[in-house]
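J.: What follows is a single structure, and I will ask about it in a moment.
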Amino acid sequence: MRKKTALLACMLLVLALPAAALGATANATIVAPNTTKITAPFAGTLLPFDLLQGDPVSEGDTLFTLDATPVYAAQSGTVAAVFASVGDDAEGAAAHYGAVAVIEPEHPLYIDASTDQAYNDDENRYLHAGETLYLKCGNEKGTGIVTSVSGSRYGVEILTGNFDVDDTVRCFRESSTPSDSETGRGKVMRYADIAVTASGRICAVHIKPGDSVSVGDLLFETVDAQSERGASRVISSPVTGAVTALSASSGAQVYRGQLLCEIADLTTLELSADVDELDLSSVHEGDTLSYTLDAYPEETFTGTVTKIYPVGEARQNATYFDVRITLPEGRNLLPGMNGTVTLNP
């Protein structure tokens, strides 16, 4: 009986020795040490995007696009001059030139008219904005539209006819211009050119001198004035990798320098082990440690300790230190995969 008891004790001791020899273990996670932070180049609004955390991206892929402020034509006409280029501060250009662009009105001439010489009829002296009048100066005829009425004075924009500034033009209600339909007369004048103004930094110019534009046509696009001169609305990936963190949403207002996402370089992955402070003395840079990965449960790997971070993280009355270990080649590994590291006794 004593022999059996002694034999059993020896067997238990033998079984216990390998467990002790294996030493302590540490939870580990695969991480990407080389991560690129993508930030907003200037303040603005993010246009809708479909980027998701975990998405793979290639260098040059569009990640986000910032909205621009459009500048539209307020009147139809011909572009006479463009004083601002892409990258210019719109307000600075306007302060220097008086405008970022100048448009000559489609109908540049008008008549500053009066009913003082209208045919002696109350109806001829009572005009309405929007009505069409027939114009005559010598043998030249044309048409116009009443744009304003104030007492005995009214304005007529010349639509057709070859008239010159300072010509005295007679206005009629009837196309045959009989004298009893005359509503008065006045001198031909020219509208001031249309000064186009804008604010912010110009990111796109859609016009050039000589272009014909209509009301509502897009002339310029601008972004935040604090942006760099060459800053682009399109934010592209500078590296190939995967999106490990997404900090922005479609339609969000962002400020210059705000973090939008993080992209990890998947070609330089490491195993990050949480080593308890009680076990840290047994780990040194250059050591070879064995570990398992949840993604490959039937295999045991070995790696070299490349770095031990000197600042620990306190959790549940203990402090853990980040120990980095090399990973095996030829495996499909991704950040966030878990494993267990066996520390040397």
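Residues are named by chain letter and number: chains run A, B, ... in the order of the structure tokens, numbers start at 1 in each chain, and ligands are numbered from 1 in the order shown.
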Report as a ChimeraX atom specification: the residues of range 4-252 of chain A with a DSSP assignment of helix (DSSP H, G or I), based on the backbone of this structure.
T.: /A:4-22,90-97,115-117,122-125,179-181
J.: Which residues, written as a PDB file with all heavy atoms, in the first residue's frame, have at least one atom at most 7 Å from Ser236 in chain A, with only C-alpha atoms counted and residues fewer than 3 positions away on the same chain left out?
T.:
ATOM      1  N   GLY A  60      -4.201  56.297 -52.660  1.00  0.00           N
ATOM      2  CA  GLY A  60      -4.869  57.111 -53.678  1.00  0.00           C
ATOM      3  C   GLY A  60      -6.375  56.992 -53.683  1.00  0.00           C
ATOM      4  O   GLY A  60      -7.055  57.781 -54.344  1.00  0.00           O
ATOM      5  N   ASP A  61      -6.928  56.014 -52.949  1.00  0.00           N
ATOM      6  CA  ASP A  61      -8.386  55.872 -52.886  1.00  0.00           C
ATOM      7  C   ASP A  61      -9.011  57.099 -52.207  1.00  0.00           C
ATOM      8  O   ASP A  61      -8.472  57.618 -51.225  1.00  0.00           O
ATOM      9  CB  ASP A  61      -8.789  54.624 -52.102  1.00  0.00           C
ATOM     10  CG  ASP A  61      -8.594  53.346 -52.887  1.00  0.00           C
ATOM     11  OD1 ASP A  61      -8.243  53.432 -54.073  1.00  0.00           O
ATOM     12  OD2 ASP A  61      -8.769  52.257 -52.297  1.00  0.00           O
ATOM     13  N   THR A  62     -10.163  57.527 -52.714  1.00  0.00           N
ATOM     14  CA  THR A  62     -10.887  58.628 -52.084  1.00  0.00           C
ATOM     15  C   THR A  62     -11.574  58.130 -50.822  1.00  0.00           C
ATOM     16  O   THR A  62     -12.336  57.162 -50.853  1.00  0.00           O
ATOM     17  CB  THR A  62     -11.935  59.218 -53.041  1.00  0.00           C
ATOM     18  OG1 THR A  62     -11.259  59.796 -54.160  1.00  0.00           O
ATOM     19  CG2 THR A  62     -12.754  60.300 -52.356  1.00  0.00           C
ATOM     20  N   LEU A  63     -11.290  58.796 -49.707  1.00  0.00           N
ATOM     21  CA  LEU A  63     -11.902  58.428 -48.435  1.00  0.00           C
ATOM     22  C   LEU A  63     -13.085  59.325 -48.116  1.00  0.00           C
ATOM     23  O   LEU A  63     -14.165  58.854 -47.763  1.00  0.00           O
ATOM     24  CB  LEU A  63     -10.866  58.529 -47.314  1.00  0.00           C
ATOM     25  CG  LEU A  63      -9.580  57.718 -47.489  1.00  0.00           C
ATOM     26  CD1 LEU A  63      -8.617  58.006 -46.344  1.00  0.00           C
ATOM     27  CD2 LEU A  63      -9.887  56.234 -47.566  1.00  0.00           C
TER      28      LEU A  63
END
J.: Looking at A:Gln258, A:Gln117, A:Ser232, A:Ser150, which one is nearest to Thr39 in chain A, with distances taken over only C-alpha atoms?
T.: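 Of all the options, A:Gln258 lies closest to Thr39 in chain A.
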J.: Can you tell me which residues surround Arg125 in chain A at a distance of at most 7 Å, considering only C-alpha atoms, apart from same-chain residues fewer than 3 positions away, and format the answer as a list in words?
T.: Thr115, Ala118, Asp121, Asp122 and Thr183 of chain A
J.: Next, write the just-selected residues to a file, as a compact mmCIF listing (two decimals), in the first residue's frame, keeping N, CA, C and O atoms as the atom set.
T.:
# COMPACT_ATOMS: atom_id res chain seq x y z
N THR A 115 -42.75 110.71 -67.92
CA THR A 115 -44.04 110.88 -68.61
C THR A 115 -44.33 112.35 -68.90
O THR A 115 -45.43 112.67 -69.37
N ALA A 118 -45.48 112.73 -72.34
CA ALA A 118 -46.42 111.72 -72.82
C ALA A 118 -47.60 112.40 -73.52
O ALA A 118 -47.90 113.58 -73.28
N ASP A 121 -52.92 112.11 -72.23
CA ASP A 121 -53.94 111.11 -71.91
C ASP A 121 -53.54 110.48 -70.58
O ASP A 121 -52.41 110.02 -70.43
N ASP A 122 -54.45 110.43 -69.63
CA ASP A 122 -54.11 109.90 -68.31
C ASP A 122 -53.59 108.47 -68.39
O ASP A 122 -52.69 108.06 -67.64
N THR A 183 -45.83 107.30 -74.25
CA THR A 183 -45.87 107.36 -72.79
C THR A 183 -44.78 108.27 -72.22
O THR A 183 -44.66 108.39 -70.99
J.: Can you tell me which residues surround Phe64 in chain A at a distance of at most 10 Å, considering only C-alpha atoms, apart from same-chain residues fewer than 5 positions away, and format the answer as a PyMOL selection string?
T.: chain A and resi 38+40+46-51+233-237+248-250+260-261
J.: If you measure from CA of Val213 in chain A to CA of Ala80 in chain A, what distance in Å do you get, rounded to one decimal?
T.: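 If I compute the distance from CA of Val213 in chain A to CA of Ala80 in chain A, I get 10.9 Å.
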J.: List the neighbours of Val146 in chain A out to 9 Å using only C-alpha atoms; skip same-chain residues closer than 4 positions along the sequence, and give me the result as JSON, numbers by chain.
T.: {"A": [127, 128, 129, 130, 131, 132, 133, 154, 155, 156, 157]}
J.: Could you work out how far CA of Ser212 in chain A lies from CA of Ala99 in chain A, giving the answer in Å with one decimal?
T.: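 CA of Ser212 in chain A lies 17.9 Å from CA of Ala99 in chain A.
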J.: Could you list, as a list in words, every residue within 12 Å of Lys37 in chain A, counting only C-alpha atoms and ignoring same-chain residues fewer than 5 positions away?
T.: Ile235, Ser236, Ser237, Pro238, Val239, Ala242, Val243, Thr244, Ala245, Leu246, Ser247, Gly257, Gln258, Leu259, Leu260, Cys261, Glu262, Ile263, Ala264 and Asp265 of chain A
J.: Here is a test: counting only C-alpha atoms, which residue of A:Asp55, A:Asp322, A:Glu123, A:Asp112 is nearest to Val188 in chain A?
T.: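 Using only C-alpha atoms, the shortest distance to Val188 in chain A belongs to A:Asp112.
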J.: Please identify the strand (DSSP E) residues within range 222-302 of chain A (assignment by DSSP from backbone atoms) and present them as a short mmCIF file (atom, residue, chain, number, x, y, z; two decimals) with N, CA, C and O atoms, in the first residue's frame.
T.:
data_model
loop_
_atom_site.label_atom_id
_atom_site.label_comp_id
_atom_site.auth_asym_id
_atom_site.auth_seq_id
_atom_site.Cartn_x
_atom_site.Cartn_y
_atom_site.Cartn_z
N THR A 222 -16.10 77.66 -53.37
CA THR A 222 -15.14 78.07 -52.34
C THR A 222 -15.20 77.13 -51.14
O THR A 222 -16.20 76.45 -50.92
N VAL A 223 -14.10 77.12 -50.39
CA VAL A 223 -14.02 76.37 -49.15
C VAL A 223 -13.55 77.31 -48.05
O VAL A 223 -13.39 78.51 -48.28
N VAL A 234 -10.98 66.76 -51.83
CA VAL A 234 -10.97 65.30 -51.85
C VAL A 234 -9.84 64.80 -50.94
O VAL A 234 -8.68 65.17 -51.11
N ILE A 235 -10.20 64.00 -49.96
CA ILE A 235 -9.23 63.46 -49.00
C ILE A 235 -8.97 62.01 -49.40
O ILE A 235 -9.85 61.16 -49.32
N SER A 236 -7.74 61.74 -49.85
CA SER A 236 -7.37 60.42 -50.34
C SER A 236 -6.49 59.69 -49.34
O SER A 236 -5.85 60.31 -48.48
N GLY A 241 -3.82 49.86 -46.85
CA GLY A 241 -4.03 49.20 -45.57
C GLY A 241 -5.50 48.95 -45.32
O GLY A 241 -6.27 48.69 -46.25
N ALA A 242 -5.90 49.07 -44.05
CA ALA A 242 -7.30 48.85 -43.67
C ALA A 242 -7.71 49.91 -42.66
O ALA A 242 -6.90 50.37 -41.84
N VAL A 243 -8.98 50.28 -42.70
CA VAL A 243 -9.52 51.29 -41.78
C VAL A 243 -9.73 50.63 -40.42
O VAL A 243 -10.59 49.75 -40.28
N THR A 244 -8.94 51.05 -39.45
CA THR A 244 -9.05 50.46 -38.12
C THR A 244 -9.91 51.30 -37.18
O THR A 244 -10.35 50.81 -36.14
N ALA A 245 -10.14 52.56 -37.54
CA ALA A 245 -11.00 53.42 -36.71
C ALA A 245 -11.63 54.46 -37.62
O ALA A 245 -10.97 55.02 -38.49
N LEU A 246 -12.93 54.68 -37.44
CA LEU A 246 -13.68 55.67 -38.21
C LEU A 246 -14.32 56.65 -37.24
O LEU A 246 -15.13 56.26 -36.41
N GLN A 253 -20.22 68.32 -39.64
CA GLN A 253 -19.37 69.50 -39.70
C GLN A 253 -18.05 69.15 -39.01
O GLN A 253 -18.05 68.67 -37.90
N VAL A 254 -16.94 69.39 -39.69
CA VAL A 254 -15.64 69.08 -39.12
C VAL A 254 -14.78 70.33 -39.10
O VAL A 254 -15.00 71.27 -39.86
N LEU A 259 -9.69 64.48 -36.46
CA LEU A 259 -9.44 63.11 -36.87
C LEU A 259 -10.67 62.53 -37.56
O LEU A 259 -11.77 62.57 -37.02
N LEU A 260 -10.47 61.99 -38.76
CA LEU A 260 -11.57 61.40 -39.52
C LEU A 260 -11.51 59.87 -39.48
O LEU A 260 -12.53 59.21 -39.33
N CYS A 261 -10.32 59.31 -39.63
CA CYS A 261 -10.18 57.87 -39.56
C CYS A 261 -8.71 57.51 -39.36
O CYS A 261 -7.83 58.38 -39.46
N GLU A 262 -8.46 56.24 -39.10
CA GLU A 262 -7.10 55.72 -38.98
C GLU A 262 -6.96 54.53 -39.91
O GLU A 262 -7.86 53.69 -40.01
N ILE A 263 -5.82 54.48 -40.60
CA ILE A 263 -5.55 53.40 -41.55
C ILE A 263 -4.29 52.67 -41.12
O ILE A 263 -3.23 53.28 -40.92
N ALA A 264 -4.41 51.36 -40.95
CA ALA A 264 -3.29 50.54 -40.50
C ALA A 264 -2.58 49.91 -41.68
O ALA A 264 -3.21 49.44 -42.63
N GLU A 270 2.22 43.12 -35.53
CA GLU A 270 2.93 42.60 -34.36
C GLU A 270 1.92 41.98 -33.40
O GLU A 270 0.73 42.29 -33.45
N LEU A 271 2.44 41.13 -32.51
CA LEU A 271 1.62 40.58 -31.45
C LEU A 271 1.88 41.40 -30.19
O LEU A 271 3.02 41.57 -29.77
N SER A 272 0.81 41.94 -29.62
CA SER A 272 0.92 42.76 -28.41
C SER A 272 0.42 41.94 -27.23
O SER A 272 -0.76 41.60 -27.14
N ALA A 273 1.34 41.63 -26.30
CA ALA A 273 0.99 40.81 -25.13
C ALA A 273 0.87 41.69 -23.90
O ALA A 273 1.70 42.58 -23.67
N ASP A 274 -0.19 41.46 -23.11
CA ASP A 274 -0.38 42.15 -21.83
C ASP A 274 0.32 41.35 -20.73
O ASP A 274 -0.22 40.34 -20.25
N VAL A 275 1.50 41.80 -20.33
CA VAL A 275 2.28 41.05 -19.34
C VAL A 275 2.10 41.69 -17.97
O VAL A 275 2.34 42.89 -17.78
N ASP A 276 1.68 40.86 -17.01
CA ASP A 276 1.49 41.32 -15.63
C ASP A 276 2.83 41.80 -15.06
O ASP A 276 3.89 41.24 -15.36
N THR A 288 12.98 34.67 -27.04
CA THR A 288 12.08 33.91 -27.91
C THR A 288 10.96 33.34 -27.06
O THR A 288 11.21 32.63 -26.07
N LEU A 289 9.72 33.64 -27.42
CA LEU A 289 8.56 33.17 -26.68
C LEU A 289 7.65 32.36 -27.59
O LEU A 289 7.57 32.61 -28.81
N SER A 290 6.98 31.40 -27.02
CA SER A 290 6.00 30.63 -27.79
C SER A 290 4.60 31.17 -27.51
O SER A 290 4.34 31.72 -26.44
N TYR A 291 3.72 31.00 -28.50
CA TYR A 291 2.35 31.50 -28.35
C TYR A 291 1.42 30.74 -29.29
O TYR A 291 1.87 30.10 -30.26
N THR A 292 0.16 30.84 -28.98
CA THR A 292 -0.87 30.30 -29.87
C THR A 292 -1.78 31.44 -30.31
O THR A 292 -1.88 32.47 -29.64
N LEU A 293 -2.42 31.23 -31.45
CA LEU A 293 -3.36 32.21 -32.00
C LEU A 293 -4.72 31.55 -32.13
O LEU A 293 -4.82 30.39 -32.58
N TYR A 296 -5.57 29.99 -35.36
CA TYR A 296 -4.88 28.75 -35.72
C TYR A 296 -4.69 27.91 -34.44
O TYR A 296 -3.58 27.78 -33.91
N PRO A 297 -5.78 27.37 -33.91
CA PRO A 297 -5.74 26.72 -32.58
C PRO A 297 -4.88 25.46 -32.53
O PRO A 297 -4.46 25.05 -31.44
N GLU A 298 -4.59 24.84 -33.64
CA GLU A 298 -3.83 23.59 -33.64
C GLU A 298 -2.34 23.82 -33.74
O GLU A 298 -1.55 22.86 -33.74
N GLU A 299 -1.89 25.07 -33.85
CA GLU A 299 -0.48 25.35 -34.03
C GLU A 299 0.08 26.17 -32.88
O GLU A 299 -0.63 26.95 -32.25
N THR A 300 1.38 25.96 -32.63
CA THR A 300 2.11 26.77 -31.66
C THR A 300 3.23 27.48 -32.40
O THR A 300 3.98 26.85 -33.18
N PHE A 301 3.35 28.79 -32.18
CA PHE A 301 4.33 29.61 -32.89
C PHE A 301 5.37 30.13 -31.92
O PHE A 301 5.17 30.13 -30.70
N THR A 302 6.47 30.58 -32.45
CA THR A 302 7.49 31.25 -31.65
C THR A 302 7.80 32.60 -32.30
O THR A 302 7.71 32.76 -33.51
#
J.: Pick the closest to Ser199 in chain A from A:Thr143, A:Gln316, A:Thr326, A:Gln226: which is it, counting only C-alpha atoms?
T.: A:Gln226
J.: Do you know which residues are at most 12 Å from Thr160 in chain A counting only C-alpha atoms, after dropping those on the same chain fewer than 4 positions away, and could you put them as a VMD selection string?
T.: chain A and resid 106 to 110 132 to 136 140 to 145 156
J.: Go ahead and write the residues just picked, N, CA, C and O atoms, as a PDB file, in the first residue's frame.
T.:
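Final file, out_31.pdb:
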ATOM      1  N   GLU A 106     -26.847  90.991 -69.854  1.00  0.00           N
ATOM      2  CA  GLU A 106     -27.327  90.555 -71.166  1.00  0.00           C
ATOM      3  C   GLU A 106     -27.953  91.723 -71.924  1.00  0.00           C
ATOM      4  O   GLU A 106     -27.780  91.861 -73.135  1.00  0.00           O
ATOM      5  N   HIS A 107     -28.686  92.565 -71.219  1.00  0.00           N
ATOM      6  CA  HIS A 107     -29.263  93.781 -71.802  1.00  0.00           C
ATOM      7  C   HIS A 107     -28.662  94.968 -71.057  1.00  0.00           C
ATOM      8  O   HIS A 107     -29.179  95.398 -70.028  1.00  0.00           O
ATOM      9  N   PRO A 108     -27.566  95.501 -71.565  1.00  0.00           N
ATOM     10  CA  PRO A 108     -26.810  96.485 -70.787  1.00  0.00           C
ATOM     11  C   PRO A 108     -27.395  97.899 -70.792  1.00  0.00           C
ATOM     12  O   PRO A 108     -26.976  98.729 -69.993  1.00  0.00           O
ATOM     13  N   LEU A 109     -28.337  98.201 -71.704  1.00  0.00           N
ATOM     14  CA  LEU A 109     -28.840  99.569 -71.823  1.00  0.00           C
ATOM     15  C   LEU A 109     -30.266  99.689 -71.286  1.00  0.00           C
ATOM     16  O   LEU A 109     -31.068  98.758 -71.368  1.00  0.00           O
ATOM     17  N   TYR A 110     -30.532 100.863 -70.738  1.00  0.00           N
ATOM     18  CA  TYR A 110     -31.884 101.155 -70.272  1.00  0.00           C
ATOM     19  C   TYR A 110     -32.178 102.636 -70.514  1.00  0.00           C
ATOM     20  O   TYR A 110     -31.267 103.432 -70.790  1.00  0.00           O
ATOM     21  N   THR A 132     -44.563  95.854 -71.762  1.00  0.00           N
ATOM     22  CA  THR A 132     -43.691  96.061 -72.919  1.00  0.00           C
ATOM     23  C   THR A 132     -44.002  97.392 -73.578  1.00  0.00           C
ATOM     24  O   THR A 132     -45.185  97.747 -73.770  1.00  0.00           O
ATOM     25  N   LEU A 133     -42.948  98.137 -73.908  1.00  0.00           N
ATOM     26  CA  LEU A 133     -43.081  99.389 -74.646  1.00  0.00           C
ATOM     27  C   LEU A 133     -42.302  99.274 -75.942  1.00  0.00           C
ATOM     28  O   LEU A 133     -41.358  98.494 -76.066  1.00  0.00           O
ATOM     29  N   TYR A 134     -42.733 100.117 -76.926  1.00  0.00           N
ATOM     30  CA  TYR A 134     -42.087 100.148 -78.239  1.00  0.00           C
ATOM     31  C   TYR A 134     -41.302 101.446 -78.338  1.00  0.00           C
ATOM     32  O   TYR A 134     -41.800 102.523 -77.991  1.00  0.00           O
ATOM     33  N   LEU A 135     -40.049 101.321 -78.768  1.00  0.00           N
ATOM     34  CA  LEU A 135     -39.093 102.415 -78.696  1.00  0.00           C
ATOM     35  C   LEU A 135     -38.774 102.957 -80.077  1.00  0.00           C
ATOM     36  O   LEU A 135     -38.756 102.216 -81.068  1.00  0.00           O
ATOM     37  N   LYS A 136     -38.446 104.255 -80.113  1.00  0.00           N
ATOM     38  CA  LYS A 136     -38.120 104.882 -81.391  1.00  0.00           C
ATOM     39  C   LYS A 136     -37.149 106.028 -81.163  1.00  0.00           C
ATOM     40  O   LYS A 136     -37.339 106.857 -80.257  1.00  0.00           O
ATOM     41  N   GLU A 140     -34.568 104.424 -85.952  1.00  0.00           N
ATOM     42  CA  GLU A 140     -34.285 103.182 -85.231  1.00  0.00           C
ATOM     43  C   GLU A 140     -35.445 102.839 -84.299  1.00  0.00           C
ATOM     44  O   GLU A 140     -35.958 103.693 -83.576  1.00  0.00           O
ATOM     45  N   LYS A 141     -35.848 101.565 -84.364  1.00  0.00           N
ATOM     46  CA  LYS A 141     -36.931 101.113 -83.509  1.00  0.00           C
ATOM     47  C   LYS A 141     -36.473  99.920 -82.662  1.00  0.00           C
ATOM     48  O   LYS A 141     -35.508  99.233 -83.000  1.00  0.00           O
ATOM     49  N   GLY A 142     -37.189  99.678 -81.576  1.00  0.00           N
ATOM     50  CA  GLY A 142     -36.860  98.549 -80.716  1.00  0.00           C
ATOM     51  C   GLY A 142     -37.957  98.315 -79.705  1.00  0.00           C
ATOM     52  O   GLY A 142     -39.044  98.901 -79.773  1.00  0.00           O
ATOM     53  N   THR A 143     -37.667  97.437 -78.733  1.00  0.00           N
ATOM     54  CA  THR A 143     -38.628  97.140 -77.673  1.00  0.00           C
ATOM     55  C   THR A 143     -37.924  97.207 -76.319  1.00  0.00           C
ATOM     56  O   THR A 143     -36.698  97.116 -76.213  1.00  0.00           O
ATOM     57  N   GLY A 144     -38.744  97.371 -75.297  1.00  0.00           N
ATOM     58  CA  GLY A 144     -38.202  97.402 -73.945  1.00  0.00           C
ATOM     59  C   GLY A 144     -39.248  96.972 -72.942  1.00  0.00           C
ATOM     60  O   GLY A 144     -40.433  96.808 -73.283  1.00  0.00           O
ATOM     61  N   ILE A 145     -38.818  96.764 -71.696  1.00  0.00           N
ATOM     62  CA  ILE A 145     -39.725  96.363 -70.634  1.00  0.00           C
ATOM     63  C   ILE A 145     -39.584  97.333 -69.472  1.00  0.00           C
ATOM     64  O   ILE A 145     -38.471  97.727 -69.110  1.00  0.00           O
ATOM     65  N   VAL A 156     -36.863 101.767 -68.341  1.00  0.00           N
ATOM     66  CA  VAL A 156     -37.188 100.801 -69.393  1.00  0.00           C
ATOM     67  C   VAL A 156     -35.903 100.086 -69.805  1.00  0.00           C
ATOM     68  O   VAL A 156     -34.950 100.730 -70.272  1.00  0.00           O
TER      69      VAL A 156
END
